[in-house]
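**Student:** Pasting run-v3.txt below, which is compact mmCIF, C-alpha atoms.
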```txt
# COMPACT_ATOMS: atom_id res chain seq x y z
CA MET U 27 112.57 83.18 -3.76
CA THR U 28 109.19 81.52 -3.91
CA ASP U 29 110.52 78.07 -4.81
CA GLU U 30 111.65 77.52 -1.21
CA TRP U 31 108.00 77.37 -0.09
CA THR U 32 105.54 74.59 -0.86
CA LYS U 33 102.19 75.54 -2.40
CA SER U 34 100.47 74.98 0.94
CA GLU U 35 103.04 77.10 2.77
CA MET U 36 102.76 79.81 0.13
CA ARG U 37 99.00 80.02 0.61
CA ASP U 38 99.40 80.32 4.38
CA LEU U 39 102.24 82.80 3.94
CA GLN U 40 100.17 84.94 1.61
CA ARG U 41 97.15 84.99 3.93
CA LEU U 42 99.26 85.77 6.98
CA LEU U 43 101.36 88.56 5.48
CA ARG U 44 98.36 90.24 3.88
CA ARG U 45 96.64 90.28 7.24
CA LEU U 46 99.70 91.72 8.99
CA LEU U 47 99.92 94.55 6.48
CA ARG U 48 96.59 95.75 7.89
CA GLY U 49 98.22 96.09 11.31
CA PRO U 50 99.58 94.01 14.21
CA CYS U 51 97.48 91.01 15.22
CA GLU U 52 97.23 89.15 18.52
CA PHE U 53 97.65 85.38 18.57
CA SER U 54 97.20 82.47 20.93
CA THR U 55 99.01 79.14 21.09
CA GLY U 56 97.13 75.90 20.52
CA ASP U 57 98.00 72.21 20.57
CA GLY U 58 101.48 71.42 19.31
CA GLY U 59 102.46 75.07 19.48
CA THR U 60 100.28 76.11 16.53
CA LEU U 61 99.46 79.80 16.33
CA HIS U 62 95.89 81.06 16.05
CA LEU U 63 95.45 84.68 15.02
CA ALA U 64 92.67 86.67 16.61
CA ASP U 65 90.85 87.51 13.37
CA LEU U 66 92.23 85.06 10.77
CA PRO U 67 90.79 81.55 10.35
CA GLY U 68 93.06 78.53 10.54
CA ALA U 69 96.19 77.55 12.44
CA PHE U 70 99.81 78.23 11.53
CA PRO U 71 102.59 75.72 12.36
CA PRO U 72 105.31 77.13 14.62
CA ALA U 73 108.01 76.01 12.18
CA LEU U 74 106.45 78.10 9.40
CA ILE U 75 106.20 81.16 11.66
CA ALA U 76 109.86 80.71 12.63
CA ARG U 77 110.92 80.56 8.96
CA ILE U 78 108.95 83.67 8.12
CA GLU U 79 110.45 85.48 11.09
CA ARG U 80 114.00 84.46 10.09
CA ARG U 81 113.36 85.90 6.63
CA GLY U 82 112.53 89.20 8.30
CA LEU U 83 108.95 89.21 7.01
CA LEU U 84 107.28 89.49 10.41
CA VAL U 85 108.05 90.42 13.98
CA LYS U 86 106.88 88.18 16.80
CA GLY U 87 106.38 89.98 20.08
CA ALA U 88 104.52 89.43 23.33
CA GLY U 89 101.41 87.75 22.04
CA ARG U 90 101.35 89.69 18.77
CA LEU U 91 102.64 89.43 15.22
CA ALA U 92 103.42 92.44 13.06
CA ALA U 93 104.66 93.17 9.55
CA THR U 94 108.13 94.55 8.84
CA GLY U 95 109.42 96.96 6.26
CA ALA U 96 110.16 94.01 3.95
CA THR U 97 106.71 92.43 4.07
CA ALA U 98 105.00 94.46 1.35
CA ALA U 99 108.00 94.25 -0.98
CA PHE U 100 108.13 90.48 -0.60
CA LEU U 101 104.46 90.12 -1.49
CA ARG U 102 104.80 92.34 -4.55
CA ARG U 103 107.86 90.46 -5.79
CA ALA U 104 107.00 86.88 -4.89
CA LEU U 105 103.22 86.72 -5.10
CA LEU U 106 102.34 89.07 -7.93
CA PRO U 107 102.77 86.42 -10.69
CA GLU U 108 100.15 84.26 -8.97
CA ASP U 109 97.88 87.19 -8.21
CA ALA U 110 98.11 89.43 -11.25
CA PHE U 111 94.36 89.49 -11.86
CA ALA U 112 93.56 90.38 -8.25
CA GLY U 113 96.22 93.06 -8.41
CA GLN U 114 94.18 94.89 -11.03
CA HIS U 115 91.40 95.33 -8.46
CA ARG U 116 93.53 96.58 -5.57
CA ILE U 117 93.49 100.11 -4.22
CA GLU U 118 96.77 100.34 -2.32
CA ILE U 119 98.07 103.17 -0.17
CA ASP U 120 101.16 103.63 1.99
CA VAL U 121 100.40 103.48 5.70
CA SER U 122 102.44 103.63 8.88
CA VAL U 123 101.76 101.13 11.66
CA GLU U 124 103.01 101.22 15.23
CA TYR U 125 104.32 98.08 16.89
CA GLU U 126 105.93 98.05 20.37
CA GLY U 127 106.65 101.77 20.23
CA GLN U 128 108.18 101.78 16.73
CA ARG U 129 106.66 103.02 13.49
CA GLN U 130 106.90 100.75 10.44
CA SER U 131 105.85 101.37 6.86
CA ALA U 132 103.38 99.05 5.14
CA ARG U 133 100.97 98.91 2.22
CA ARG U 134 97.23 98.74 2.78
CA ASN U 135 94.73 97.46 0.25
CA LEU U 136 91.59 99.58 0.51
CA ALA U 137 89.68 97.01 -1.54
CA GLU U 138 90.48 94.29 0.97
CA SER U 139 87.29 94.55 3.02
CA PRO U 140 83.73 95.73 2.34
CA LEU U 141 84.15 98.40 5.01
CA SER U 142 87.06 99.95 3.09
CA LEU U 143 84.97 100.13 -0.08
CA LEU U 144 82.24 102.21 1.55
CA ALA U 145 84.23 105.36 0.86
CA ARG U 146 83.80 104.78 -2.89
CA LEU U 147 79.99 104.78 -2.84
CA LYS U 148 78.39 108.06 -3.97
CA ASP U 149 74.86 109.38 -3.93
CA ARG U 150 73.03 110.98 -6.87
CA THR U 151 74.66 114.34 -6.25
CA GLY U 152 78.18 112.88 -6.22
CA GLN U 153 78.59 113.20 -2.46
CA ASP U 154 79.81 110.37 -0.26
CA PHE U 155 76.93 108.01 0.44
CA PHE U 156 78.61 107.09 3.72
CA PRO U 157 79.82 110.30 5.42
CA GLN U 158 83.22 110.31 7.06
CA GLU U 159 81.75 110.10 10.55
CA ALA U 160 79.81 106.99 9.53
CA ARG U 161 82.91 105.29 8.14
CA GLU U 162 84.94 106.20 11.22
CA ALA U 163 82.21 104.76 13.44
CA GLY U 164 82.39 101.50 11.50
CA GLU U 165 86.19 101.38 11.88
CA ARG U 166 85.84 102.00 15.61
CA LEU U 167 83.30 99.20 15.95
CA LEU U 168 85.67 96.87 14.07
CA SER U 169 88.58 97.90 16.31
CA ASP U 170 86.66 97.02 19.48
CA PHE U 171 85.54 93.75 17.87
CA HIS U 172 89.18 92.79 17.27
CA ARG U 173 90.46 94.06 20.62
CA ALA U 174 87.84 92.01 22.44
CA GLN U 175 88.83 88.91 20.42
CA LEU U 176 85.15 88.19 19.90
CA ARG U 177 84.15 84.90 18.43
CA PRO U 178 80.70 84.03 17.06
CA ARG U 179 78.93 81.05 18.57
CA VAL U 180 75.83 79.12 17.56
CA THR U 181 73.88 80.91 20.26
CA ALA U 182 74.97 84.30 18.85
CA ILE U 183 76.96 85.11 22.00
CA TRP U 184 80.32 86.84 21.71
CA GLU U 185 83.01 85.83 24.15
CA PRO U 186 86.61 87.14 24.52
CA ARG U 187 89.38 84.64 23.95
CA LEU U 188 91.93 84.91 26.73
CA SER U 189 95.63 84.27 26.58
CA SER U 190 97.18 81.31 28.38
CA ARG U 191 100.04 83.26 29.93
CA GLY U 192 100.48 83.17 33.64
CA LYS U 193 99.22 85.89 35.91
CA GLY U 194 101.73 88.65 36.54
CA GLN U 195 103.63 88.23 33.27
CA ALA U 196 103.82 91.11 30.83
CA GLY U 197 100.81 90.95 28.57
CA GLY U 198 99.55 87.98 30.57
CA GLN U 199 96.06 86.65 31.13
CA SER U 200 95.02 89.22 33.72
CA GLU U 201 96.02 92.17 31.52
CA LEU U 202 94.48 90.67 28.40
CA ALA U 203 91.25 89.85 30.23
CA ASP U 204 90.84 93.45 31.39
CA SER U 205 91.49 94.74 27.87
CA ALA U 206 89.11 92.24 26.27
CA ILE U 207 86.36 92.90 28.81
CA ALA U 208 86.62 96.67 28.34
CA ALA U 209 86.44 96.27 24.55
CA ARG U 210 83.51 93.89 24.84
CA GLN U 211 81.64 96.40 27.01
CA ARG U 212 82.22 99.16 24.47
CA PHE U 213 81.10 96.83 21.69
CA SER U 214 77.92 95.87 23.57
CA ARG U 215 77.03 99.52 24.23
CA ALA U 216 77.56 100.31 20.55
CA VAL U 217 75.28 97.45 19.48
CA GLU U 218 72.60 98.59 21.93
CA ALA U 219 72.86 102.15 20.63
CA MET U 220 72.11 101.00 17.07
CA GLY U 221 69.21 98.83 18.20
CA PRO U 222 68.26 95.29 17.16
CA GLU U 223 66.87 96.37 13.80
CA LEU U 224 70.14 97.96 12.63
CA SER U 225 72.99 96.37 14.58
CA GLY U 226 72.92 93.10 12.63
CA VAL U 227 73.87 94.61 9.29
CA ALA U 228 76.56 96.79 10.91
CA VAL U 229 78.17 93.79 12.63
CA ASP U 230 77.94 91.69 9.45
CA VAL U 231 79.66 94.28 7.26
CA CYS U 232 82.05 95.98 9.67
CA CYS U 233 83.12 93.01 11.80
CA PHE U 234 82.55 89.89 9.72
CA GLU U 235 83.47 91.78 6.52
CA LYS U 236 80.51 90.55 4.50
CA GLY U 237 79.71 92.33 1.27
CA LEU U 238 76.47 94.24 0.91
CA GLU U 239 75.19 91.79 -1.70
CA THR U 240 75.98 88.89 0.62
CA VAL U 241 74.00 90.53 3.42
CA GLU U 242 71.03 91.06 1.12
CA ARG U 243 71.13 87.47 -0.05
CA GLU U 244 71.42 86.01 3.45
CA ARG U 245 68.67 88.22 4.86
CA GLN U 246 66.51 88.02 1.73
CA TRP U 247 66.44 91.79 1.43
CA PRO U 248 65.67 93.70 -1.78
CA ALA U 249 68.59 94.76 -3.94
CA ARG U 250 70.49 97.86 -2.76
CA SER U 251 68.63 97.89 0.55
CA ALA U 252 71.62 96.82 2.64
CA LYS U 253 73.53 100.04 2.01
CA LEU U 254 70.53 102.08 3.15
CA MET U 255 70.21 100.08 6.36
CA LEU U 256 73.97 100.19 6.93
CA ARG U 257 74.10 103.95 6.43
CA THR U 258 71.33 104.44 8.97
CA ALA U 259 73.07 102.10 11.43
CA LEU U 260 76.47 103.79 11.13
CA LEU U 261 75.02 107.29 11.49
CA ALA U 262 73.26 106.16 14.67
CA LEU U 263 76.54 104.64 15.82
CA ALA U 264 78.40 107.87 15.06
CA ARG U 265 75.95 109.77 17.28
CA HIS U 266 76.59 107.21 20.02
CA TYR U 267 80.35 107.75 19.83
CA ALA U 268 80.08 111.55 19.51
CA PRO U 269 76.73 112.74 20.92
CA PRO U 270 75.66 116.17 19.65
CA ALA U 271 75.95 119.04 22.10
CA PRO U 272 72.65 119.78 23.88
CA GLN U 273 70.87 122.81 22.55
CA ARG U 274 70.48 125.76 24.88
CA ARG U 275 66.92 126.59 25.73
CA THR U 276 65.77 130.12 24.98
CA SER U 277 62.83 131.80 26.62
CA HIS U 278 60.05 133.22 24.44
CA HIS U 279 57.04 135.46 25.14
CA TRP U 280 54.17 136.58 23.02
CA GLY U 281 53.24 140.23 22.76
CA THR U 282 52.77 143.15 20.41
CA GLU U 283 55.64 145.38 19.34
CA GLY U 284 56.76 147.55 22.23
CA TYR U 285 55.19 145.22 24.79
CA ARG U 286 56.81 145.35 28.23
CA PRO U 287 55.77 143.05 31.08
CA PRO U 288 54.38 144.89 34.09
CA LEU U 289 56.63 145.18 37.11
CA SER U 290 55.33 143.45 40.18
CA GLN U 291 54.75 145.72 43.13
CA PRO U 292 55.66 144.78 46.68
```
Translate the structure described by the file into structure tokens.
**Tutor:**
Amino acid sequence: MTDEWTKSEMRDLQRLLRRLLRGPCEFSTGDGGTLHLADLPGAFPPALIARIERRGLLVKGAGRLAATGATAAFLRRALLPEDAFAGQHRIEIDVSVEYEGQRQSARRNLAESPLSLLARLKDRTGQDFFPQEAREAGERLLSDFHRAQLRPRVTAIWEPRLSSRGKGQAGGQSELADSAIAARQRFSRAVEAMGPELSGVAVDVCCFEKGLETVERERQWPARSAKLMLRTALLALARHYAPPAPQRRTSHHWGTEGYRPPLSQP
């Protein structure tokens, strides 16, 4: 029942469970044992996490949190009265997520991020404005962004956030550092492949989940220009991830019909 949670706890609970329905999320421990998720702002008290876990609404593993089979049902039952209007604008599908070797069912809201909404945009002929390979490239860029635990800084430098576990422990600092560094290297190569003129809009939309209108307003671009720039960036990124096969060179000669090259004599 929802009356066992305060309004503040319910807001945190709602944000956390919605994020976990998108897939497992890594966390780190801060002062007082508070939990900080890799891609969700704010801190969560350990007592709240323990209550949610006892209710069977999440699974807490080695440095990661994940949804359970009861998570989506709880949100539909307990939070729908407070979120009926937003529910009219959801595009939900059933998905299967893997956590520690086990598959779990969950619900995913396709309207949750600007990247998910790209599949709905059409061109004048009714075809997808963002081809499948472009959308997959954006998802792959986002995946590396999350795996690297990148954090924006004032100097526009991204840096992986490392776990505080001791060296040699399962999922400890050494293992996490290698994983974060590898993801950061992939992310950097992807940004370089798009180039400085295009990478900014791709990172804004795919990684920071800004809407196209927000990007246009922040960059003072003309209306509907962001989707053109983003499409160009993601197609360039798709070619980086899957380079086209090199074309075989064919030899050509010029001559009239029936022409035969003379044989060289010894």
**Student:** Which residue is closest to Leu84 (chain U)? Choose from U:Cys233, U:Leu260, U:Leu61, U:Leu47 and count only C-alpha atoms.
**Tutor:**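 Among the listed residues, the smallest separation from Leu84 (chain U) belongs to U:Leu47.
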**Student:** Could you name the residues that touch Cys232 (chain U) at 7 Å or less, counting all atoms listed in the file, but leaving out those on the same chain fewer than 4 positions away, as a ChimeraX atom specification?
**Tutor:** /U:141,164,168,228
**Student:** Find, counting all atoms listed in the file, the residue in U:Asp57, U:Arg45, U:His62, U:Pro67 that gets nearest to Ala98 (chain U).
**Tutor:** U:Arg45
**Student:** Which residue out of U:Gln175, U:Gln158, U:Thr97, U:Gln273 has the minimum interatomic distance to Leu42 (chain U) when only C-alpha atoms are used?
**Tutor:**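 Nearest candidate to Leu42 (chain U) out of U:Gln175, U:Gln158, U:Thr97, U:Gln273: U:Thr97.
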**Student:** Which residues, written as a list in words, have at least one atom at most 7 Å from Gly49 (chain U), with all atoms listed in the file counted and residues fewer than 2 positions away on the same chain left out?
**Tutor:**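 Contacts, in chain order: Leu46, Leu47, Cys51, Ala92 and Val123 of chain U.
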**Student:** When you count only C-alpha atoms, which of these residues is closest to Met255 (chain U): U:Glu235, U:Glu52, U:Glu218, U:Glu223?
**Tutor:**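 Of the candidates, the smallest distance to Met255 (chain U) is held by U:Glu223.
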**Student:** Give me the residues within 7 Å of Leu263 (chain U) as a list in words, counting all atoms listed in the file and dropping any in the same chain fewer than 2 places off.
**Tutor:**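 Skipping anything fewer than 2 positions along the chain leaves Ala163, Ala216, Ala219, Met220, Ala259, Leu260, Leu261, Arg265, His266 and Tyr267 of chain U.
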**Student:** How many Å lie between CA of Thr151 (chain U) and CA of Pro270 (chain U), rounded to one decimal?
**Tutor:**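 Distance between the two atoms: 26.0 Å.
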**Student:** To one decimal place, how far is CA of Leu238 (chain U) from CA of Arg215 (chain U) in Å?
**Tutor:**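 One can read the CA of Leu238 (chain U) to CA of Arg215 (chain U) distance as 23.9 Å.
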**Student:** I'd like to know which of U:Ser142, U:Thr55, U:Gln211, U:Ser205 is closest to Phe156 (chain U), using all atoms listed in the file.
**Tutor:**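 Of U:Ser142, U:Thr55, U:Gln211, U:Ser205, the one nearest Phe156 (chain U) is U:Ser142, counting all atoms listed in the file.
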**Student:** Find the distance between CA of Leu254 (chain U) and CA of Thr240 (chain U) and write it in Å to one decimal.
**Tutor:**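 If I compute the distance from CA of Leu254 (chain U) to CA of Thr240 (chain U), I get 14.5 Å.
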**Student:** Could you check which of U:Leu43, U:Leu256, U:Ile207, U:Ile75 is closest to Thr94 (chain U), using only C-alpha atoms?
**Tutor:** U:Leu43
**Student:** Could you give me, as JSON, numbers by chain, the residues that sit within 9 Å of (89.6, 83.8, 15.4) in the file's coordinates, counting only C-alpha atoms?
**Tutor:** {"U": [53, 62, 63, 64, 65, 66, 67, 68, 175, 176, 177, 187]}
**Student:** Find the residues around Arg250 (chain U) up to 12 Å (all atoms listed in the file counted), leave out those fewer than 6 positions away in its own chain, and share them as a VMD selection string.
**Tutor:** chain U and resid 147 237 to 243 256 to 257
**Student:** With only C-alpha atoms as the counted atoms, please give the residues lying no more than 10 Å from Glu79 (chain U), apart from itself and same-chain residues fewer than 5 positions off, as a PyMOL selection string.
**Tutor:** chain U and resi 73-74+84-86+91+93-94
**Student:** Those residues you just picked out, can you put them in a file as an mmCIF file, keeping the file's coordinate frame with C-alpha atoms?
**Tutor:**
```
data_model
loop_
_atom_site.group_PDB
_atom_site.id
_atom_site.type_symbol
_atom_site.label_atom_id
_atom_site.label_comp_id
_atom_site.auth_asym_id
_atom_site.auth_seq_id
_atom_site.Cartn_x
_atom_site.Cartn_y
_atom_site.Cartn_z
ATOM 1 C CA ALA U 73 108.010 76.010 12.180
ATOM 2 C CA LEU U 74 106.450 78.100 9.400
ATOM 3 C CA LEU U 84 107.280 89.490 10.410
ATOM 4 C CA VAL U 85 108.050 90.420 13.980
ATOM 5 C CA LYS U 86 106.880 88.180 16.800
ATOM 6 C CA LEU U 91 102.640 89.430 15.220
ATOM 7 C CA ALA U 93 104.660 93.170 9.550
ATOM 8 C CA THR U 94 108.130 94.550 8.840
#
```
